[in-house]
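**Student:** This one is work_36.cif, mmCIF, C-alpha atoms.
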```
data_input
#
loop_
_atom_site.group_PDB
_atom_site.id
_atom_site.type_symbol
_atom_site.label_atom_id
_atom_site.label_comp_id
_atom_site.auth_asym_id
_atom_site.auth_seq_id
_atom_site.Cartn_x
_atom_site.Cartn_y
_atom_site.Cartn_z
ATOM 1 C CA MET A 1 140.841 31.807 168.087
ATOM 2 C CA GLU A 2 139.931 33.699 171.237
ATOM 3 C CA LEU A 3 141.020 36.900 169.601
ATOM 4 C CA SER A 4 138.681 36.311 166.685
ATOM 5 C CA ARG A 5 135.817 35.490 169.024
ATOM 6 C CA GLY A 6 136.469 38.687 170.917
ATOM 7 C CA ILE A 7 136.345 40.661 167.722
ATOM 8 C CA MET A 8 133.129 39.007 166.579
ATOM 9 C CA SER A 9 131.420 39.415 169.931
ATOM 10 C CA ALA A 10 132.424 43.044 170.452
ATOM 11 C CA PRO A 11 129.348 45.298 170.224
ATOM 12 C CA LEU A 12 129.262 47.745 167.349
ATOM 13 C CA GLU A 13 129.308 51.400 168.243
ATOM 14 C CA GLN A 14 125.998 53.066 167.426
ATOM 15 C CA PRO A 15 126.191 56.371 165.552
ATOM 16 C CA LYS A 16 125.094 59.394 167.491
ATOM 17 C CA LEU A 17 121.890 61.046 166.359
ATOM 18 C CA TRP A 18 122.005 64.797 166.568
ATOM 19 C CA PRO A 19 118.675 66.534 167.060
ATOM 20 C CA ALA A 20 117.547 68.532 164.057
ATOM 21 C CA THR A 21 117.642 72.237 164.615
ATOM 22 C CA ALA A 22 114.731 74.327 163.475
ATOM 23 C CA PRO A 23 115.545 76.898 160.808
ATOM 24 C CA SER A 24 115.957 80.399 162.042
ATOM 25 C CA LEU A 25 113.047 82.712 161.588
ATOM 26 C CA GLY A 26 115.248 85.254 159.882
ATOM 27 C CA ARG A 27 115.771 83.045 156.774
ATOM 28 C CA ARG A 28 112.566 82.090 155.080
ATOM 29 C CA LEU A 29 112.501 80.080 151.934
ATOM 30 C CA PRO A 30 110.494 81.569 149.090
ATOM 31 C CA PHE A 31 106.957 80.371 148.858
ATOM 32 C CA GLY A 32 107.329 79.516 145.170
ATOM 33 C CA ALA A 33 110.083 76.993 145.909
ATOM 34 C CA PHE A 34 107.607 74.517 147.413
ATOM 35 C CA SER A 35 104.446 75.634 145.619
ATOM 36 C CA PRO A 36 103.145 73.247 142.939
ATOM 37 C CA PRO A 37 103.756 74.306 139.309
ATOM 38 C CA GLN A 38 100.901 76.109 137.633
ATOM 39 C CA PRO A 39 98.996 74.259 134.921
ATOM 40 C CA LEU A 40 99.904 75.067 131.328
ATOM 41 C CA SER A 41 96.417 76.421 130.677
ATOM 42 C CA ASN A 42 96.843 79.015 133.450
ATOM 43 C CA VAL A 43 100.167 80.145 131.985
ATOM 44 C CA ARG A 44 98.640 80.545 128.545
ATOM 45 C CA GLU A 45 95.697 82.445 129.960
ATOM 46 C CA HIS A 46 98.086 84.755 131.801
ATOM 47 C CA ARG A 47 99.976 85.448 128.571
ATOM 48 C CA ARG A 48 96.724 86.137 126.758
ATOM 49 C CA CYS A 49 95.717 88.639 129.422
ATOM 50 C CA ILE A 50 99.050 90.427 129.035
ATOM 51 C CA SER A 51 98.722 90.526 125.232
ATOM 52 C CA ARG A 52 95.160 91.844 125.527
ATOM 53 C CA ALA A 53 96.333 94.553 127.894
ATOM 54 C CA LEU A 54 99.102 95.626 125.486
ATOM 55 C CA ARG A 55 96.961 95.386 122.345
ATOM 56 C CA PRO A 56 95.057 98.695 122.789
ATOM 57 C CA ARG A 57 98.326 100.574 123.117
ATOM 58 C CA GLN A 58 99.773 98.896 120.030
ATOM 59 C CA GLU A 59 96.623 99.646 118.053
ATOM 60 C CA TRP A 60 96.747 103.269 119.184
ATOM 61 C CA VAL A 61 100.372 103.644 118.072
ATOM 62 C CA GLU A 62 99.641 101.952 114.741
ATOM 63 C CA GLY A 63 96.628 104.176 114.141
ATOM 64 C CA TRP A 64 98.579 107.321 114.995
ATOM 65 C CA VAL A 65 101.391 106.371 112.605
ATOM 66 C CA ARG A 66 98.912 105.724 109.790
ATOM 67 C CA SER A 67 97.104 109.015 110.320
ATOM 68 C CA ASN A 68 100.395 110.958 110.490
ATOM 69 C CA ASP A 69 102.273 109.140 107.747
ATOM 70 C CA THR A 70 103.913 112.255 106.286
ATOM 71 C CA LEU A 71 105.070 113.483 109.691
ATOM 72 C CA VAL A 72 106.578 110.110 110.599
ATOM 73 C CA ARG A 73 108.405 109.899 107.280
ATOM 74 C CA GLY A 74 109.763 113.421 107.778
ATOM 75 C CA LEU A 75 110.991 112.855 111.351
ATOM 76 C CA PRO A 76 114.565 111.945 110.266
ATOM 77 C CA ILE A 77 114.763 115.242 108.362
ATOM 78 C CA ILE A 78 113.570 117.183 111.417
ATOM 79 C CA VAL A 79 115.982 115.413 113.771
ATOM 80 C CA GLY A 80 118.907 115.684 111.357
ATOM 81 C CA GLY A 81 118.241 119.351 110.616
ATOM 82 C CA ALA A 82 117.913 120.216 114.311
ATOM 83 C CA SER A 83 121.161 118.395 115.095
ATOM 84 C CA LEU A 84 122.943 120.189 112.258
ATOM 85 C CA VAL A 85 121.769 123.609 113.452
ATOM 86 C CA ALA A 86 122.679 122.767 117.064
ATOM 87 C CA VAL A 87 126.231 121.797 116.101
ATOM 88 C CA LEU A 88 126.743 124.967 114.070
ATOM 89 C CA LEU A 89 125.351 127.168 116.853
ATOM 90 C CA ASN A 90 127.494 125.423 119.448
ATOM 91 C CA ARG A 91 130.590 125.961 117.356
ATOM 92 C CA ALA A 92 129.750 129.623 116.746
ATOM 93 C CA VAL A 93 128.913 130.424 120.385
ATOM 94 C CA SER A 94 131.811 128.522 121.928
ATOM 95 C CA GLY A 95 134.336 130.602 120.002
ATOM 96 C CA ILE A 96 136.027 127.653 118.333
ATOM 97 C CA ALA A 97 137.671 128.382 115.009
ATOM 98 C CA ALA A 98 135.569 127.557 111.977
ATOM 99 C CA VAL A 99 138.404 125.495 110.498
ATOM 100 C CA ALA A 100 138.354 121.903 111.738
ATOM 101 C CA ASP A 101 141.385 120.941 113.766
ATOM 102 C CA ALA A 102 142.213 117.241 113.811
ATOM 103 C CA SER A 103 143.991 117.596 117.150
ATOM 104 C CA SER A 104 140.861 118.965 118.857
ATOM 105 C CA SER A 105 138.424 116.468 120.343
ATOM 106 C CA GLN A 106 135.612 119.009 119.932
ATOM 107 C CA SER A 107 136.265 119.237 116.191
ATOM 108 C CA ARG A 108 136.238 115.469 115.814
ATOM 109 C CA ALA A 109 132.950 115.229 117.719
ATOM 110 C CA ASP A 110 131.420 117.980 115.580
ATOM 111 C CA ILE A 111 132.450 116.242 112.353
ATOM 112 C CA LEU A 112 130.918 112.961 113.539
ATOM 113 C CA THR A 113 127.696 114.740 114.533
ATOM 114 C CA LEU A 114 127.517 116.494 111.169
ATOM 115 C CA ALA A 115 127.900 113.166 109.368
ATOM 116 C CA LEU A 116 125.103 111.606 111.420
ATOM 117 C CA SER A 117 122.854 114.626 110.820
ATOM 118 C CA VAL A 118 123.361 114.447 107.066
ATOM 119 C CA THR A 119 122.640 110.698 107.179
ATOM 120 C CA ASP A 120 119.344 111.351 108.992
ATOM 121 C CA ILE A 121 118.344 113.976 106.445
ATOM 122 C CA LEU A 122 119.090 111.656 103.523
ATOM 123 C CA ALA A 123 117.143 108.827 105.192
ATOM 124 C CA GLY A 124 114.154 111.136 105.613
ATOM 125 C CA LEU A 125 114.289 112.134 101.952
ATOM 126 C CA VAL A 126 114.320 108.466 100.955
ATOM 127 C CA TRP A 127 111.330 107.739 103.210
ATOM 128 C CA LEU A 128 109.382 110.604 101.664
ATOM 129 C CA SER A 129 110.190 109.526 98.105
ATOM 130 C CA ILE A 130 109.164 105.880 98.614
ATOM 131 C CA ARG A 131 105.445 105.485 99.166
ATOM 132 C CA PRO A 132 103.286 102.383 98.709
ATOM 133 C CA LYS A 133 101.181 102.498 95.595
ATOM 134 C CA SER A 134 97.497 102.406 96.348
ATOM 135 C CA ILE A 135 95.616 99.650 94.543
ATOM 136 C CA SER A 136 92.016 100.396 93.665
ATOM 137 C CA PRO A 137 89.509 98.796 91.291
ATOM 138 C CA VAL A 138 89.193 100.189 87.780
ATOM 139 C CA VAL A 139 86.196 100.437 85.512
ATOM 140 C CA PRO A 140 86.677 97.991 82.608
ATOM 141 C CA ARG A 141 86.613 99.693 79.222
ATOM 142 C CA GLY A 142 84.263 97.793 76.958
ATOM 143 C CA VAL A 143 80.669 96.789 76.395
ATOM 144 C CA GLU A 144 78.396 94.444 78.279
ATOM 145 C CA CYS A 145 78.140 91.020 76.721
ATOM 146 C CA LYS A 146 76.114 87.862 77.252
ATOM 147 C CA ARG A 147 76.821 85.349 74.522
ATOM 148 C CA VAL A 148 75.935 81.663 74.915
ATOM 149 C CA GLY A 149 76.900 78.832 72.576
ATOM 150 C CA PRO A 150 74.137 77.463 70.333
ATOM 151 C CA ASP A 151 74.285 73.850 71.531
ATOM 152 C CA VAL A 152 74.549 74.405 75.287
ATOM 153 C CA PRO A 153 72.044 72.234 77.220
ATOM 154 C CA SER A 154 69.704 73.972 79.630
ATOM 155 C CA SER A 155 71.197 72.237 82.674
ATOM 156 C CA ALA A 156 74.707 73.330 81.695
ATOM 157 C CA LEU A 157 73.493 76.873 80.973
ATOM 158 C CA HIS A 158 71.906 77.085 84.405
ATOM 159 C CA GLU A 159 75.197 75.988 85.976
ATOM 160 C CA LEU A 160 77.209 78.492 83.931
ATOM 161 C CA LEU A 161 74.952 81.403 84.858
ATOM 162 C CA TRP A 162 75.109 80.397 88.516
ATOM 163 C CA THR A 163 78.903 80.429 88.253
ATOM 164 C CA TRP A 164 78.854 83.921 86.787
ATOM 165 C CA ASP A 165 76.529 85.271 89.470
ATOM 166 C CA SER A 166 78.646 83.716 92.210
ATOM 167 C CA LEU A 167 81.925 85.084 90.850
ATOM 168 C CA THR A 168 80.639 88.624 90.403
ATOM 169 C CA THR A 169 79.119 88.617 93.879
ATOM 170 C CA ALA A 170 82.041 87.187 95.842
ATOM 171 C CA THR A 171 85.124 88.247 93.844
ATOM 172 C CA CYS A 172 86.433 91.054 91.646
ATOM 173 C CA CYS A 173 85.424 89.179 88.488
ATOM 174 C CA LYS A 174 84.130 91.394 85.663
ATOM 175 C CA SER A 175 84.583 89.112 82.646
ATOM 176 C CA LEU A 176 84.104 85.386 82.175
ATOM 177 C CA VAL A 177 84.795 83.227 79.139
ATOM 178 C CA VAL A 178 84.297 79.446 79.164
ATOM 179 C CA VAL A 179 85.791 77.345 76.370
ATOM 180 C CA TYR A 180 84.797 73.679 76.360
ATOM 181 C CA GLY A 181 85.284 71.025 73.730
ATOM 182 C CA GLY A 182 86.956 73.460 71.348
ATOM 183 C CA ASN A 183 84.007 75.905 71.394
ATOM 184 C CA CYS A 184 83.202 79.047 73.340
ATOM 185 C CA ILE A 185 80.064 78.122 75.253
ATOM 186 C CA LEU A 186 79.873 81.310 77.352
ATOM 187 C CA GLN A 187 81.127 84.878 77.038
ATOM 188 C CA ILE A 188 79.634 87.152 79.656
ATOM 189 C CA GLY A 189 80.517 90.374 81.418
ATOM 190 C CA VAL A 190 82.548 93.226 79.954
ATOM 191 C CA ALA A 191 84.181 92.578 76.576
ATOM 192 C CA VAL A 192 86.037 94.651 74.024
ATOM 193 C CA GLY A 193 83.804 96.444 71.568
ATOM 194 C CA SER A 194 84.221 95.585 67.906
ATOM 195 C CA PRO A 195 85.511 98.526 65.818
ATOM 196 C CA GLU A 196 83.026 97.647 63.064
ATOM 197 C CA ASP A 197 79.641 97.654 64.798
ATOM 198 C CA GLY A 198 80.494 98.395 68.444
ATOM 199 C CA ASN A 199 79.194 95.056 69.687
ATOM 200 C CA ALA A 200 81.222 92.696 71.845
ATOM 201 C CA LEU A 201 84.168 91.163 70.030
ATOM 202 C CA PRO A 202 83.595 87.386 69.750
ATOM 203 C CA VAL A 203 86.166 84.908 70.997
ATOM 204 C CA ASP A 204 88.334 83.367 68.285
ATOM 205 C CA THR A 205 88.479 79.938 69.886
ATOM 206 C CA GLN A 206 90.900 78.329 67.444
ATOM 207 C CA LYS A 207 93.397 81.163 67.745
ATOM 208 C CA PHE A 208 93.149 81.132 71.529
ATOM 209 C CA ILE A 209 93.676 77.355 71.720
ATOM 210 C CA GLN A 210 96.866 77.678 69.689
ATOM 211 C CA GLY A 211 98.286 80.274 72.095
ATOM 212 C CA SER A 212 100.825 79.648 74.841
ATOM 213 C CA LEU A 213 98.476 80.588 77.695
ATOM 214 C CA TYR A 214 95.972 77.877 76.827
ATOM 215 C CA LYS A 215 98.619 75.237 76.156
ATOM 216 C CA SER A 216 100.547 75.857 79.373
ATOM 217 C CA ALA A 217 97.383 75.795 81.487
ATOM 218 C CA MET A 218 96.049 72.602 79.920
ATOM 219 C CA GLU A 219 99.410 70.830 80.052
ATOM 220 C CA SER A 220 99.925 71.610 83.731
ATOM 221 C CA LYS A 221 96.226 70.995 84.550
ATOM 222 C CA LYS A 222 96.628 73.572 87.287
ATOM 223 C CA GLN A 223 95.231 77.013 87.824
ATOM 224 C CA SER A 224 97.309 79.879 86.437
ATOM 225 C CA TYR A 225 96.966 83.214 88.227
ATOM 226 C CA LEU A 226 98.272 86.368 86.543
ATOM 227 C CA ALA A 227 98.057 88.864 89.409
ATOM 228 C CA ASN A 228 99.124 91.842 87.267
ATOM 229 C CA LEU A 229 98.103 91.103 83.710
ATOM 230 C CA ALA A 230 99.832 94.167 82.257
ATOM 231 C CA LEU A 231 103.244 92.663 83.087
ATOM 232 C CA TYR A 232 102.720 89.477 81.052
ATOM 233 C CA PRO A 233 103.454 89.374 77.313
ATOM 234 C CA GLY A 234 100.702 86.774 76.828
ATOM 235 C CA ARG A 235 98.167 89.568 77.227
ATOM 236 C CA SER A 236 98.012 89.846 73.424
ATOM 237 C CA GLU A 237 96.427 86.373 73.248
ATOM 238 C CA LEU A 238 93.291 87.717 74.955
ATOM 239 C CA PRO A 239 92.010 90.438 72.593
ATOM 240 C CA PHE A 240 88.396 89.819 73.632
ATOM 241 C CA LEU A 241 89.008 91.021 77.215
ATOM 242 C CA PRO A 242 88.959 94.730 78.140
ATOM 243 C CA ALA A 243 92.300 96.430 77.614
ATOM 244 C CA ASN A 244 92.507 97.489 81.265
ATOM 245 C CA THR A 245 91.830 94.065 82.772
ATOM 246 C CA GLN A 246 93.985 94.014 85.894
ATOM 247 C CA ALA A 247 94.129 90.354 86.957
ATOM 248 C CA LEU A 248 93.403 87.056 85.249
ATOM 249 C CA ILE A 249 92.807 83.451 86.250
ATOM 250 C CA LEU A 250 93.090 80.593 83.772
ATOM 251 C CA GLN A 251 91.281 77.648 85.329
ATOM 252 C CA PRO A 252 91.254 74.295 83.484
ATOM 253 C CA ILE A 253 87.887 72.516 83.454
ATOM 254 C CA GLY A 254 88.793 68.859 83.313
ATOM 255 C CA ASP A 255 90.608 67.824 80.139
ATOM 256 C CA LYS A 256 88.309 69.541 77.636
ATOM 257 C CA GLY A 257 87.826 73.106 78.753
ATOM 258 C CA ILE A 258 89.122 76.206 80.434
ATOM 259 C CA ALA A 259 87.594 79.180 82.239
ATOM 260 C CA ILE A 260 89.034 82.673 81.749
ATOM 261 C CA VAL A 261 88.220 84.914 84.707
ATOM 262 C CA GLY A 262 89.125 88.601 84.399
ATOM 263 C CA GLY A 263 89.222 90.973 87.384
ATOM 264 C CA ASP A 264 89.244 94.733 87.836
ATOM 265 C CA THR A 265 91.880 94.900 90.611
ATOM 266 C CA ILE A 266 95.579 94.076 90.657
ATOM 267 C CA ARG A 267 96.087 91.051 92.928
ATOM 268 C CA GLY A 268 92.348 91.174 93.509
ATOM 269 C CA PHE A 269 91.830 87.408 93.701
ATOM 270 C CA THR A 270 92.777 86.117 97.130
ATOM 271 C CA SER A 271 93.995 82.613 97.883
ATOM 272 C CA ILE A 272 90.495 81.736 99.071
ATOM 273 C CA ASP A 273 89.048 82.994 95.779
ATOM 274 C CA GLN A 274 91.507 80.890 93.811
ATOM 275 C CA ALA A 275 90.683 77.739 95.769
ATOM 276 C CA TRP A 276 86.968 78.429 95.414
ATOM 277 C CA ILE A 277 87.260 78.940 91.643
ATOM 278 C CA ALA A 278 89.102 75.617 91.379
ATOM 279 C CA MET A 279 86.230 73.897 93.208
ATOM 280 C CA ILE A 280 83.678 75.558 90.918
ATOM 281 C CA ALA A 281 85.663 74.287 87.924
ATOM 282 C CA ASP A 282 85.377 70.721 89.228
ATOM 283 C CA LYS A 283 81.635 71.189 89.599
ATOM 284 C CA LEU A 284 81.385 72.607 86.075
ATOM 285 C CA ASP A 285 83.414 69.725 84.696
ATOM 286 C CA ALA A 286 81.020 67.199 86.209
ATOM 287 C CA THR A 287 77.979 69.046 84.846
ATOM 288 C CA LEU A 288 79.369 69.728 81.366
ATOM 289 C CA SER A 289 80.766 66.241 80.852
ATOM 290 C CA LYS A 290 77.413 64.767 81.854
ATOM 291 C CA SER A 291 75.463 67.175 79.634
ATOM 292 C CA TYR A 292 77.590 66.729 76.512
ATOM 293 C CA ASN A 293 77.999 62.962 76.856
ATOM 294 C CA SER A 294 74.313 62.250 77.384
#
```
Is it possible to give me this structure as C-alpha cells?
**Tutor:**
Amino acid sequence: MELSRGIMSAPLEQPKLWPATAPSLGRRLPFGAFSPPQPLSNVREHRRCISRALRPRQEWVEGWVRSNDTLVRGLPIIVGGASLVAVLLNRAVSGIAAVADASSSQSRADILTLALSVTDILAGLVWLSIRPKSISPVVPRGVECKRVGPDVPSSALHELLWTWDSLTTATCCKSLVVVYGGNCILQIGVAVGSPEDGNALPVDTQKFIQGSLYKSAMESKKQSYLANLALYPGRSELPFLPANTQALILQPIGDKGIAIVGGDTIRGFTSIDQAWIAMIADKLDATLSKSYNS
C-alpha cells in the first residue's frame, strides 16, 4: 500500500526543452517554396505571352517554306547527292580499294552511308512528284436563265429571288433550281443550252423526281452535299445543269420540295454555307406552304 502511494505521489520528470537553433546563413530556402501559388489567370496570361512571342518566328518559317516550296521539296535530293559524292571522294582519296571488304569497318560505314544517301534522293523525288492540286473556280458553260413557274404567288417569288441573290453573293452558287409540289417553280442562273434553239434547257420535273438523287434526299430529309460532282454517277440525272458544275447541294424544302444549288468550285460550299442554306430552306418552306395553301 505504501509502495503504491509512493509511486502515485512521485513527481513526473518533465521533458527537457532544447532551444531552437537558427538556420545557418549559408543554407537559404528557395523563395518559391513559401511564396503563394500564382493564380490560374496569371499562368494562362504567361503562356499567351510566350505563344505570342514565338508566333512571329513560326509565321516567318511558314512563309519562307511556302515561298520556296520547290527548294524545300528538293532538299533531300541535295543532301543525298552531297553525301553520295562525299563518300565516293573519301574512298578515292583515302586509297581504299574500290571493292567493298566486309571485314573493313570503313567499307561497312560507306555502304550504310550510300544506302542513306540513295534513300534521301528517292524521298526528294517523291516530294517533287507529289504536289497539291490547286482548286480554282471555273466558268460554267451554258446560258443565263431566269424561268419562273406560272402559278407562283408574288410573295413566294419575292422570297425565291431574295434567296438567289443571297446565295450568289455569299457562296459559290451559280445555278439554282427549286422544285416544289411536283413542279419547277424557279430555274435561275447558268443552265445548259438546248441544242435546238440555244435557249436554256427546261427542267424535266417528272424525270428528276423519279431519279435516285431526289428520292434519297427526300427520304432522308437531310441535306446532301456532293463536294465533287464529277465523281458521282448521279450526275446524269441533272442534265439541266452546266456540264462543268463542280459542287452540288440537294436541300429538301419541307416534305414537298427540294432546292438544287450548283457551285463553280470543288468543295466550294463550306460548313457555314451548308448550315445557312438549310436555314434558308426552312424559311422557304414556311413561305411556300403559306402561299400555296392560302
**Student:** What's the 12 Å shell around Ser194 in chain A, counting only C-alpha atoms, without same-chain residues fewer than 2 positions away, as a ChimeraX atom specification?
**Tutor:** /A:142-145,191-192,196-203,239-242
**Student:** Using the selection just defined, write its residues with C-alpha atoms as a PDB file, in the coordinates of the input.
**Tutor:**
```pdb
ATOM      1  CA  GLY A 142      84.263  97.793  76.958  1.00  0.00           C
ATOM      2  CA  VAL A 143      80.669  96.789  76.395  1.00  0.00           C
ATOM      3  CA  GLU A 144      78.396  94.444  78.279  1.00  0.00           C
ATOM      4  CA  CYS A 145      78.140  91.020  76.721  1.00  0.00           C
ATOM      5  CA  ALA A 191      84.181  92.578  76.576  1.00  0.00           C
ATOM      6  CA  VAL A 192      86.037  94.651  74.024  1.00  0.00           C
ATOM      7  CA  GLU A 196      83.026  97.647  63.064  1.00  0.00           C
ATOM      8  CA  ASP A 197      79.641  97.654  64.798  1.00  0.00           C
ATOM      9  CA  GLY A 198      80.494  98.395  68.444  1.00  0.00           C
ATOM     10  CA  ASN A 199      79.194  95.056  69.687  1.00  0.00           C
ATOM     11  CA  ALA A 200      81.222  92.696  71.845  1.00  0.00           C
ATOM     12  CA  LEU A 201      84.168  91.163  70.030  1.00  0.00           C
ATOM     13  CA  PRO A 202      83.595  87.386  69.750  1.00  0.00           C
ATOM     14  CA  VAL A 203      86.166  84.908  70.997  1.00  0.00           C
ATOM     15  CA  PRO A 239      92.010  90.438  72.593  1.00  0.00           C
ATOM     16  CA  PHE A 240      88.396  89.819  73.632  1.00  0.00           C
ATOM     17  CA  LEU A 241      89.008  91.021  77.215  1.00  0.00           C
ATOM     18  CA  PRO A 242      88.959  94.730  78.140  1.00  0.00           C
TER      19      PRO A 242
END
```
**Student:** I want to know what sits within 9 Å of Pro137 in chain A, based on all atoms listed in the file, with residues of the same chain fewer than 3 positions away left out; could you give that as a ChimeraX atom specification?
**Tutor:** /A:172,246,263-266,268
**Student:** What does the distance from CA of Ile258 in chain A to CA of Asp151 in chain A come to in Å, to one decimal?
**Tutor:**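 CA of Asp151 in chain A lies at a distance of 17.5 Å from CA of Ile258 in chain A.
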**Student:** Which residues fall under the PyMOL selection byres ((chain A and resi 82-84) around 8) in this file, as an MDAnalysis selection string?
**Tutor:** chainID A and resid 78:81 85:88 113:114 117:118
**Student:** Which is closer to Asn90 in chain A than all the others in A:Ile77, A:Ser107, A:Ser236, A:Thr169, using all atoms listed in the file?
**Tutor:**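 Counting all atoms listed in the file, the residue closest to Asn90 in chain A is A:Ser107.
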**Student:** Near Pro150 in chain A, within 12 Å and counting only C-alpha atoms, which residues show up once chain neighbours fewer than 5 positions away are dropped, as a list in words?
**Tutor:**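 Near neighbours after the sequence-gap exclusion: Leu157, Asn183, Cys184, Ile185 and Leu186 of chain A.
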**Student:** If we count all atoms listed in the file, what is near range 158-164 of chain A at a cut-off of 10 Å, once residues fewer than 5 positions away on the same chain are taken out, given as number ranges by chain?
**Tutor:** A: 148, 152-153, 169, 173-178, 185-186, 188-189, 261, 277, 280-281, 283-284, 287-288
**Student:** Output the selection as a PDB file, in the frame of the given file - C-alpha atoms for each residue.
**Tutor:**
```pdb
ATOM      1  CA  VAL A 148      75.935  81.663  74.915  1.00  0.00           C
ATOM      2  CA  VAL A 152      74.549  74.405  75.287  1.00  0.00           C
ATOM      3  CA  PRO A 153      72.044  72.234  77.220  1.00  0.00           C
ATOM      4  CA  THR A 169      79.119  88.617  93.879  1.00  0.00           C
ATOM      5  CA  CYS A 173      85.424  89.179  88.488  1.00  0.00           C
ATOM      6  CA  LYS A 174      84.130  91.394  85.663  1.00  0.00           C
ATOM      7  CA  SER A 175      84.583  89.112  82.646  1.00  0.00           C
ATOM      8  CA  LEU A 176      84.104  85.386  82.175  1.00  0.00           C
ATOM      9  CA  VAL A 177      84.795  83.227  79.139  1.00  0.00           C
ATOM     10  CA  VAL A 178      84.297  79.446  79.164  1.00  0.00           C
ATOM     11  CA  ILE A 185      80.064  78.122  75.253  1.00  0.00           C
ATOM     12  CA  LEU A 186      79.873  81.310  77.352  1.00  0.00           C
ATOM     13  CA  ILE A 188      79.634  87.152  79.656  1.00  0.00           C
ATOM     14  CA  GLY A 189      80.517  90.374  81.418  1.00  0.00           C
ATOM     15  CA  VAL A 261      88.220  84.914  84.707  1.00  0.00           C
ATOM     16  CA  ILE A 277      87.260  78.940  91.643  1.00  0.00           C
ATOM     17  CA  ILE A 280      83.678  75.558  90.918  1.00  0.00           C
ATOM     18  CA  ALA A 281      85.663  74.287  87.924  1.00  0.00           C
ATOM     19  CA  LYS A 283      81.635  71.189  89.599  1.00  0.00           C
ATOM     20  CA  LEU A 284      81.385  72.607  86.075  1.00  0.00           C
ATOM     21  CA  THR A 287      77.979  69.046  84.846  1.00  0.00           C
ATOM     22  CA  LEU A 288      79.369  69.728  81.366  1.00  0.00           C
TER      23      LEU A 288
END
```
**Student:** Report, in Å to a single decimal, how far apart CA of Ala259 in chain A and CA of Asn293 in chain A are.
**Tutor:**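 Spanning CA of Asn293 in chain A to CA of Ala259 in chain A is a straight-line distance of 19.6 Å.
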**Student:** Please, what distance in Å, to one decimal, runs between CA of Thr245 in chain A and CA of Leu226 in chain A?
**Tutor:**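 Interatomic distance, CA of Thr245 in chain A to CA of Leu226 in chain A: 10.7 Å.
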**Student:** Fewer than 4 positions away in the same chain doesn't count, so skip those; otherwise give me all residues within 10 Å of Ala286 in chain A, counting all atoms listed in the file, as an MDAnalysis selection string.
**Tutor:** chainID A and resid 156 253:254 280:282 290:291
**Student:** Hey, could you pull the box centre and edge lengths for range 216-234 of chain A, axis-aligned, 4 Å padding per side, all listed atoms, to one decimal in Å, as lines of an AutoDock Vina configuration file?
**Tutor:**
```
center_x = 99.3
center_y = 82.5
center_z = 83.1
size_x = 16.2
size_y = 31.3
size_z = 20.6
```
**Student:** Which one of A:Asp273, A:Ser104, A:Gly211, A:Gly182 sits closest to Pro233 in chain A if you count all atoms listed in the file?
**Tutor:** A:Gly211
**Student:** Quick one: apply the PyMOL selection byres ((chain A and resi 124-132) around 10) to the file and drop the selected residues here as a list in words.
**Tutor:**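 Selected by the PyMOL selection byres ((chain A and resi 124-132) around 10) here: Asp69, Thr70, Leu71, Val72, Arg73, Gly74, Leu75, Pro76, Ile77, Ile78, Val79, Gly80, Val118, Thr119, Asp120, Ile121, Leu122, Ala123, Lys133, Ser134 and Ile135 of chain A.
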